[in-house]
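Peer 1: If it helps, the file is called coords.txt and holds compact mmCIF, C-alpha atoms:
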```
# COMPACT_ATOMS: atom_id res chain seq x y z
CA SER A 1225 -46.34 126.31 -47.74
CA PHE A 1226 -45.29 127.58 -44.33
CA GLU A 1227 -43.00 125.35 -42.29
CA ALA A 1228 -42.49 125.34 -38.52
CA GLN A 1229 -39.62 127.84 -38.74
CA HIS A 1230 -41.75 130.25 -40.78
CA LEU A 1231 -44.63 130.04 -38.33
CA SER A 1232 -42.36 130.72 -35.38
CA ASN A 1233 -40.73 133.66 -37.18
CA ILE A 1234 -44.08 135.21 -38.15
CA LEU A 1235 -45.45 135.22 -34.63
CA TRP A 1236 -42.13 136.34 -33.16
CA SER A 1237 -41.94 139.26 -35.62
CA PHE A 1238 -45.39 140.53 -34.68
CA ALA A 1239 -44.36 140.35 -31.00
CA LYS A 1240 -40.99 142.08 -31.46
CA LEU A 1241 -42.53 144.86 -33.54
CA GLU A 1242 -45.45 145.15 -31.09
CA LEU A 1243 -47.93 144.90 -33.93
CA GLU A 1244 -51.50 143.80 -33.41
CA MET A 1245 -52.12 140.52 -35.22
CA PRO A 1246 -55.28 140.65 -37.37
CA LYS A 1247 -57.89 138.08 -36.42
CA ARG A 1248 -57.86 136.38 -39.82
CA CYS A 1249 -54.08 136.22 -39.78
CA LEU A 1250 -54.18 134.52 -36.38
CA GLU A 1251 -56.79 132.04 -37.61
CA LEU A 1252 -54.64 131.12 -40.62
CA TRP A 1253 -51.54 130.87 -38.42
CA THR A 1254 -53.37 128.55 -36.03
CA GLU A 1255 -54.62 126.30 -38.83
CA ARG A 1256 -51.12 125.96 -40.24
CA PHE A 1257 -49.50 125.47 -36.82
CA LEU A 1258 -51.77 122.54 -36.02
CA THR A 1259 -50.53 120.79 -39.16
CA ARG A 1260 -46.86 121.62 -38.53
CA ALA A 1261 -46.58 121.39 -34.71
CA SER A 1262 -44.91 117.98 -34.88
CA ALA A 1263 -41.99 119.59 -36.72
CA CYS A 1264 -41.44 122.37 -34.16
CA THR A 1265 -38.10 122.41 -32.36
CA ALA A 1266 -37.61 123.46 -28.75
CA GLN A 1267 -36.57 126.93 -29.95
CA HIS A 1268 -39.69 127.27 -32.09
CA LEU A 1269 -41.91 126.32 -29.16
CA SER A 1270 -40.21 128.79 -26.80
CA ASN A 1271 -40.51 131.60 -29.32
CA ILE A 1272 -44.16 130.82 -30.00
CA ILE A 1273 -45.33 130.84 -26.38
CA TRP A 1274 -43.22 133.95 -25.68
CA SER A 1275 -44.78 135.72 -28.67
CA PHE A 1276 -48.31 134.91 -27.53
CA ALA A 1277 -47.45 136.38 -24.13
CA ARG A 1278 -45.95 139.55 -25.59
CA LEU A 1279 -48.96 140.00 -27.85
CA SER A 1280 -51.37 139.28 -24.96
CA ILE A 1281 -53.09 136.67 -27.10
CA SER A 1282 -54.47 133.59 -25.35
CA PRO A 1283 -53.69 130.56 -27.52
CA SER A 1284 -56.55 128.20 -28.29
CA ASP A 1285 -56.87 124.92 -26.42
CA ALA A 1286 -55.91 123.05 -29.58
CA VAL A 1287 -52.73 125.10 -29.97
CA MET A 1288 -51.76 124.50 -26.34
CA ARG A 1289 -52.39 120.75 -26.59
CA ALA A 1290 -50.06 120.63 -29.58
CA TRP A 1291 -47.56 122.84 -27.76
CA TYR A 1292 -47.50 120.60 -24.67
CA ILE A 1293 -46.95 117.51 -26.83
CA GLY A 1294 -44.07 119.30 -28.54
CA PHE A 1295 -42.53 120.40 -25.24
CA GLU A 1296 -42.50 116.81 -23.97
CA ARG A 1297 -41.07 115.56 -27.26
CA GLU A 1298 -38.32 118.19 -27.38
CA GLN A 1299 -37.51 118.21 -23.66
CA TYR A 1300 -33.89 117.19 -24.10
CA SER A 1301 -33.27 120.12 -26.44
CA VAL A 1302 -34.78 122.87 -24.28
CA LYS A 1303 -32.13 125.38 -23.19
CA SER A 1304 -32.16 127.38 -19.97
CA ILE A 1305 -33.33 130.54 -21.75
CA GLY A 1306 -36.20 128.54 -23.24
CA LEU A 1307 -37.22 127.27 -19.80
CA SER A 1308 -37.17 130.78 -18.36
CA MET A 1309 -39.05 132.25 -21.34
CA THR A 1310 -41.66 129.52 -21.18
CA LEU A 1311 -42.51 129.94 -17.51
CA TRP A 1312 -42.53 133.74 -17.81
CA SER A 1313 -44.88 133.44 -20.77
CA PHE A 1314 -47.30 131.18 -18.93
CA ALA A 1315 -47.40 133.71 -16.10
CA ARG A 1316 -47.98 136.65 -18.47
CA LEU A 1317 -50.84 134.73 -20.08
CA ASP A 1318 -52.20 133.70 -16.66
CA LEU A 1319 -52.11 130.18 -18.03
CA ARG A 1320 -51.21 127.43 -15.59
CA PRO A 1321 -49.97 124.40 -17.54
CA PRO A 1322 -50.93 120.81 -16.64
CA GLU A 1323 -49.14 119.32 -13.63
CA GLU A 1324 -47.14 116.92 -15.79
CA ILE A 1325 -45.76 119.85 -17.76
CA LEU A 1326 -44.88 121.71 -14.56
CA ASP A 1327 -43.19 118.59 -13.17
CA LEU A 1328 -41.15 118.26 -16.36
CA TRP A 1329 -40.26 121.96 -16.24
CA PHE A 1330 -38.91 121.58 -12.69
CA ILE A 1331 -36.83 118.54 -13.64
CA LEU A 1332 -35.27 120.31 -16.61
CA ALA A 1333 -34.78 123.60 -14.79
CA GLU A 1334 -33.18 122.11 -11.68
CA SER A 1335 -30.52 120.36 -13.72
CA SER A 1336 -29.47 123.61 -15.39
CA LEU A 1337 -29.98 126.12 -12.53
CA PRO A 1338 -26.24 126.41 -11.75
CA LEU A 1339 -25.87 128.04 -15.18
CA TRP A 1340 -28.79 130.49 -14.96
CA ASP A 1341 -28.15 134.23 -14.81
CA SER A 1342 -29.91 136.68 -12.49
CA GLN A 1343 -32.53 137.61 -15.10
CA LYS A 1344 -33.64 134.01 -15.60
CA LEU A 1345 -33.72 133.39 -11.84
CA SER A 1346 -35.73 136.54 -11.18
CA ASN A 1347 -38.19 135.81 -13.98
CA SER A 1348 -38.69 132.25 -12.77
CA MET A 1349 -39.50 133.25 -9.19
CA TRP A 1350 -41.84 136.00 -10.40
CA ALA A 1351 -43.58 133.56 -12.73
CA LEU A 1352 -43.94 130.82 -10.11
CA ALA A 1353 -45.50 133.35 -7.75
CA LYS A 1354 -47.82 134.70 -10.43
CA LEU A 1355 -48.97 131.16 -11.24
CA GLY A 1356 -49.26 130.19 -7.57
CA VAL A 1357 -46.83 127.29 -8.01
CA TYR A 1358 -44.80 126.54 -4.87
CA PRO A 1359 -41.40 125.07 -5.77
CA HIS A 1360 -40.35 121.86 -4.04
CA ASP A 1361 -37.59 122.01 -1.43
CA GLU A 1362 -34.76 120.63 -3.57
CA PHE A 1363 -35.44 123.08 -6.37
CA LEU A 1364 -35.74 126.02 -3.97
CA GLU A 1365 -32.46 125.12 -2.26
CA THR A 1366 -30.58 124.94 -5.57
CA TRP A 1367 -32.29 128.09 -6.83
CA THR A 1368 -31.39 130.02 -3.64
CA ARG A 1369 -27.72 129.04 -3.77
CA ARG A 1370 -27.46 130.22 -7.36
CA PHE A 1371 -29.28 133.48 -6.70
CA GLU A 1372 -27.08 134.28 -3.69
CA SER A 1373 -23.97 133.73 -5.78
CA LEU A 1374 -25.23 136.33 -8.26
CA LEU A 1375 -26.48 138.96 -5.80
CA PRO A 1376 -23.58 141.33 -6.57
CA GLN A 1377 -24.78 141.38 -10.20
CA CYS A 1378 -28.50 141.65 -9.52
CA SER A 1379 -30.48 144.77 -10.35
CA VAL A 1380 -33.08 146.31 -8.06
CA GLN A 1381 -35.80 144.77 -10.24
CA HIS A 1382 -34.29 141.29 -10.00
CA ILE A 1383 -34.15 141.39 -6.21
CA ALA A 1384 -37.56 143.03 -5.87
CA ASN A 1385 -39.16 140.36 -8.08
CA VAL A 1386 -37.67 137.65 -5.91
CA VAL A 1387 -38.74 139.20 -2.60
CA TRP A 1388 -42.22 139.81 -4.03
CA GLY A 1389 -42.33 136.18 -5.13
CA TYR A 1390 -41.45 135.03 -1.62
CA GLY A 1391 -44.29 137.12 -0.25
CA MET A 1392 -46.82 135.83 -2.79
CA LEU A 1393 -45.91 132.18 -2.26
CA GLY A 1394 -45.59 132.40 1.51
CA ILE A 1395 -41.92 131.42 1.37
CA ILE A 1396 -40.03 132.27 4.55
CA PRO A 1397 -36.43 132.56 3.41
CA ASP A 1398 -33.46 131.78 5.60
CA ARG A 1399 -32.68 134.86 7.71
CA GLU A 1400 -29.16 135.19 6.32
CA HIS A 1401 -30.48 134.94 2.76
CA LEU A 1402 -33.14 137.60 3.37
CA ASP A 1403 -30.57 139.87 5.03
CA SER A 1404 -28.30 139.55 1.99
CA CYS A 1405 -31.15 140.30 -0.41
CA LEU A 1406 -32.29 143.40 1.48
CA ALA A 1407 -28.73 144.69 1.86
CA ALA A 1408 -28.10 144.32 -1.87
CA LEU A 1409 -31.45 145.95 -2.65
CA SER A 1410 -30.87 148.90 -0.33
CA SER A 1411 -27.45 149.61 -1.81
CA ARG A 1412 -28.96 150.06 -5.29
CA LEU A 1413 -32.25 151.85 -4.61
CA SER A 1414 -33.15 155.03 -6.45
CA ILE A 1415 -36.22 157.28 -6.47
CA SER A 1416 -37.27 155.79 -9.82
CA ALA A 1417 -37.82 152.33 -8.29
CA PHE A 1418 -41.53 152.95 -7.63
CA ASP A 1419 -43.00 149.55 -8.38
CA GLU A 1420 -40.05 147.67 -6.93
CA VAL A 1421 -40.24 149.44 -3.56
CA ASP A 1422 -44.00 148.97 -3.36
CA GLY A 1423 -43.70 145.26 -4.07
CA VAL A 1424 -40.92 144.76 -1.53
CA LEU A 1425 -42.82 146.56 1.24
CA TRP A 1426 -45.91 144.47 0.55
CA ALA A 1427 -43.87 141.24 0.58
CA LEU A 1428 -42.10 142.18 3.83
CA SER A 1429 -45.47 142.78 5.47
CA ARG A 1430 -46.52 139.24 4.46
CA MET A 1431 -43.30 137.86 5.93
CA LYS A 1432 -43.84 139.74 9.18
CA LEU A 1433 -47.28 138.16 9.52
CA ARG A 1434 -45.56 134.78 9.24
CA GLY A 1435 -43.00 135.61 11.92
CA CYS A 1436 -40.12 136.87 9.77
CA GLU A 1437 -39.90 140.56 10.62
CA PRO A 1438 -37.44 142.91 8.91
CA THR A 1439 -35.31 145.01 11.24
CA PRO A 1440 -35.78 148.81 11.45
CA GLU A 1441 -32.32 149.18 9.90
CA GLN A 1442 -33.36 147.08 6.90
CA LEU A 1443 -36.60 148.99 6.47
CA ALA A 1444 -35.08 152.45 6.77
CA PRO A 1445 -33.55 152.86 3.25
CA ILE A 1446 -36.56 151.20 1.61
CA VAL A 1447 -39.01 153.46 3.44
CA ALA A 1448 -36.83 156.52 2.71
CA THR A 1449 -37.00 155.78 -1.01
CA PHE A 1450 -40.71 155.10 -0.73
CA ARG A 1451 -41.37 158.47 0.95
CA GLN A 1452 -39.88 160.32 -2.00
CA GLN A 1453 -42.73 159.11 -4.17
CA ARG A 1454 -45.62 161.51 -4.69
CA ALA A 1455 -49.06 160.60 -3.32
CA TYR A 1456 -47.58 157.31 -2.22
CA THR A 1457 -50.69 155.84 -0.62
CA MET A 1458 -53.31 157.30 -2.94
CA ASN A 1459 -55.75 154.62 -4.15
CA ARG A 1460 -53.46 151.82 -2.98
CA PRO A 1461 -55.24 150.15 -0.07
CA ALA A 1462 -53.08 147.00 -0.21
CA LEU A 1463 -49.95 149.10 0.20
CA SER A 1464 -51.50 151.14 3.00
CA ALA A 1465 -52.34 147.90 4.81
CA ALA A 1466 -48.76 146.68 4.34
CA LEU A 1467 -47.36 149.88 5.83
CA GLU A 1468 -49.64 149.54 8.82
CA ILE A 1469 -48.42 145.98 9.40
CA LEU A 1470 -44.82 147.19 9.19
CA ASN A 1471 -45.58 150.10 11.57
CA VAL A 1472 -44.62 152.64 8.93
CA PRO A 1473 -46.57 155.91 9.32
CA THR A 1474 -48.27 156.98 6.10
CA ARG A 1475 -48.28 160.65 6.98
```
Output the file's structure as structure tokens, nothing else.

Peer 2:
Amino acid sequence: SFEAQHLSNILWSFAKLELEMPKRCLELWTERFLTRASACTAQHLSNIIWSFARLSISPSDAVMRAWYIGFEREQYSVKSIGLSMTLWSFARLDLRPPEEILDLWFILAESSLPLWDSQKLSNSMWALAKLGVYPHDEFLETWTRRFESLLPQCSVQHIANVVWGYGMLGIIPDREHLDSCLAALSSRLSISAFDEVDGVLWALSRMKLRGCEPTPEQLAPIVATFRQQRAYTMNRPALSAALEILNVPTR
């Protein structure tokens, strides 16, 4: 007789071990979850949606309905890591939750943002961009202040995810904020940052089209790192278009 904790642990274990879940096993898990969902804690729910995302398994509509009900019920117990994991998981699954769930997520997240670390902030901006969810002004202001305070601790990937998110969502950041992000990024770049550099160049081209153009000095270290990549425009038309917008020669 599996309880909520057991169900969460089973799915989480498959995800952590990167094991493919047999179809019959998933069917049995789903049947049991639907009878035990009302007993799931906030931690169980976070682990379950994260596990589905890691396993690249789209949960059934019935499972998600039960999950949403549980999230609303357990809202006062959701921790910041659970909020970050949840939004990241939705994005990985390409699953946009109902508006009332998104509204609740923003309320819970905004109250705890001053305690978020750079990984949670980066994941949240990436996920919002992937889902096409534009954050409201109050949330974005609080989020930006927290991210700026952590810039000295941010990795290249953290900053690149954020800049990419700005580009995807059409966010035009404050000039001083963008300058700080690009300076921190440039100071940590290495030749191995292939995807990060590509994403940043694409995002900067979007910003230029909206009137926020990076300076040649800001572009220089990013382009220098980019040029060290082999066949850097091969079969990447979107990147080639971004370079043209930024007036960066591809040859």

Peer 1: Scan for residues within 12 Å of the point (-43.6, 153.8, 12.1) in the coordinates of the file, using only C-alpha atoms, and reply as an MDAnalysis selection string.

Peer 2: chainID A and resid 1440 1443:1444 1447:1448 1466:1475

Peer 1: Got a sec: who's within 12 Å of Asp1327 (chain A), counting all atoms listed in the file, leaving out chain neighbours fewer than 6 positions off, as a list of chain:residue names?

Peer 2: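 Selected residues are A:Glu1296, A:Gln1299, A:Pro1321, A:Ala1333, A:Glu1334, A:Val1357, A:Tyr1358, A:Pro1359, A:His1360, A:Phe1363.
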
Peer 1: Between A:Ala1407, A:Ile1331, A:Leu1339, A:Ala1261, which one has atoms that come closest to Met1288 (chain A), using only C-alpha atoms?

Peer 2: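 Under the stated criterion, the closest residue is A:Ala1261.
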
Peer 1: Might I get the box with edges along x, y and z of the file that holds all atoms of region 1245-1262 of chain A listed there, padded by 3 Å on every side, given as centre and edge lengths in Å to one decimal, as JSON?

Peer 2:
```
{"center_x": -51.4, "center_y": 129.3, "center_z": -37.7, "size_x": 19.0, "size_y": 28.7, "size_z": 11.9}
```

Peer 1: Near region 1346-1350 of chain A, within 7 Å and counting all atoms listed in the file, which residues show up once chain neighbours fewer than 3 positions away are dropped, as a list in words?

Peer 2: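 That gives Ser1308, Leu1311, Trp1312, Ser1342, Gln1343, Ala1353, Lys1354, His1382, Asn1385, Val1386 and Gly1389 of chain A.
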
Peer 1: Rank A:Leu1406, A:Cys1264, A:Ile1234, A:Ile1446 by their smallest atom-to-atom distance to Leu1252 (chain A), using all atoms listed in the file, and report the top residue only.

Peer 2: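 Going through A:Leu1406, A:Cys1264, A:Ile1234, A:Ile1446 one by one, the smallest distance to Leu1252 (chain A) is for A:Ile1234.
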
Peer 1: Considering all atoms listed in the file, can you say which of A:Asp1318, A:Glu1362, A:Asp1341, A:Glu1420 comes closest to Ser1280 (chain A)?

Peer 2: A:Asp1318

Peer 1: Counting all atoms listed in the file, figure out which residue out of A:Ser1237, A:Gln1381, A:Ala1277, A:Ala1286 gets nearest to Leu1258 (chain A).

Peer 2: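 The closest residue to Leu1258 (chain A) is A:Ala1286.
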
Peer 1: Compile the contact shell of Cys1249 (chain A) as a PDB file with C-alpha atoms, keeping the file's coordinate frame: residues with an atom at most 12 Å away, counting only C-alpha atoms, same-chain residues fewer than 3 positions apart removed.

Peer 2:
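See part_2.pdb below for the written result:
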```
ATOM      1  CA  LEU A1231     -44.630 130.040 -38.330  1.00  0.00           C
ATOM      2  CA  ILE A1234     -44.080 135.210 -38.150  1.00  0.00           C
ATOM      3  CA  LEU A1235     -45.450 135.220 -34.630  1.00  0.00           C
ATOM      4  CA  PHE A1238     -45.390 140.530 -34.680  1.00  0.00           C
ATOM      5  CA  GLU A1244     -51.500 143.800 -33.410  1.00  0.00           C
ATOM      6  CA  MET A1245     -52.120 140.520 -35.220  1.00  0.00           C
ATOM      7  CA  PRO A1246     -55.280 140.650 -37.370  1.00  0.00           C
ATOM      8  CA  LEU A1252     -54.640 131.120 -40.620  1.00  0.00           C
ATOM      9  CA  TRP A1253     -51.540 130.870 -38.420  1.00  0.00           C
ATOM     10  CA  THR A1254     -53.370 128.550 -36.030  1.00  0.00           C
ATOM     11  CA  GLU A1255     -54.620 126.300 -38.830  1.00  0.00           C
ATOM     12  CA  ARG A1256     -51.120 125.960 -40.240  1.00  0.00           C
TER      13      ARG A1256
END
```

Peer 1: What is the distance, in Å and to one decimal place, between CA of Thr1366 (chain A) and CA of Glu1441 (chain A)?

Peer 2: 28.8 Å

Peer 1: Could you state the separation of CA of Ser1232 (chain A) and CA of Leu1319 (chain A) in Å, given to one decimal place?

Peer 2: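 According to the coordinates, CA of Ser1232 (chain A) and CA of Leu1319 (chain A) are separated by 19.9 Å.
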
Peer 1: Of the residues A:Ile1325, A:Leu1355, A:Leu1332, A:Met1392, which is the one nearest to Ser1304 (chain A), using only C-alpha atoms?

Peer 2: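 Among A:Ile1325, A:Leu1355, A:Leu1332, A:Met1392, it is A:Leu1332 that comes nearest to Ser1304 (chain A).
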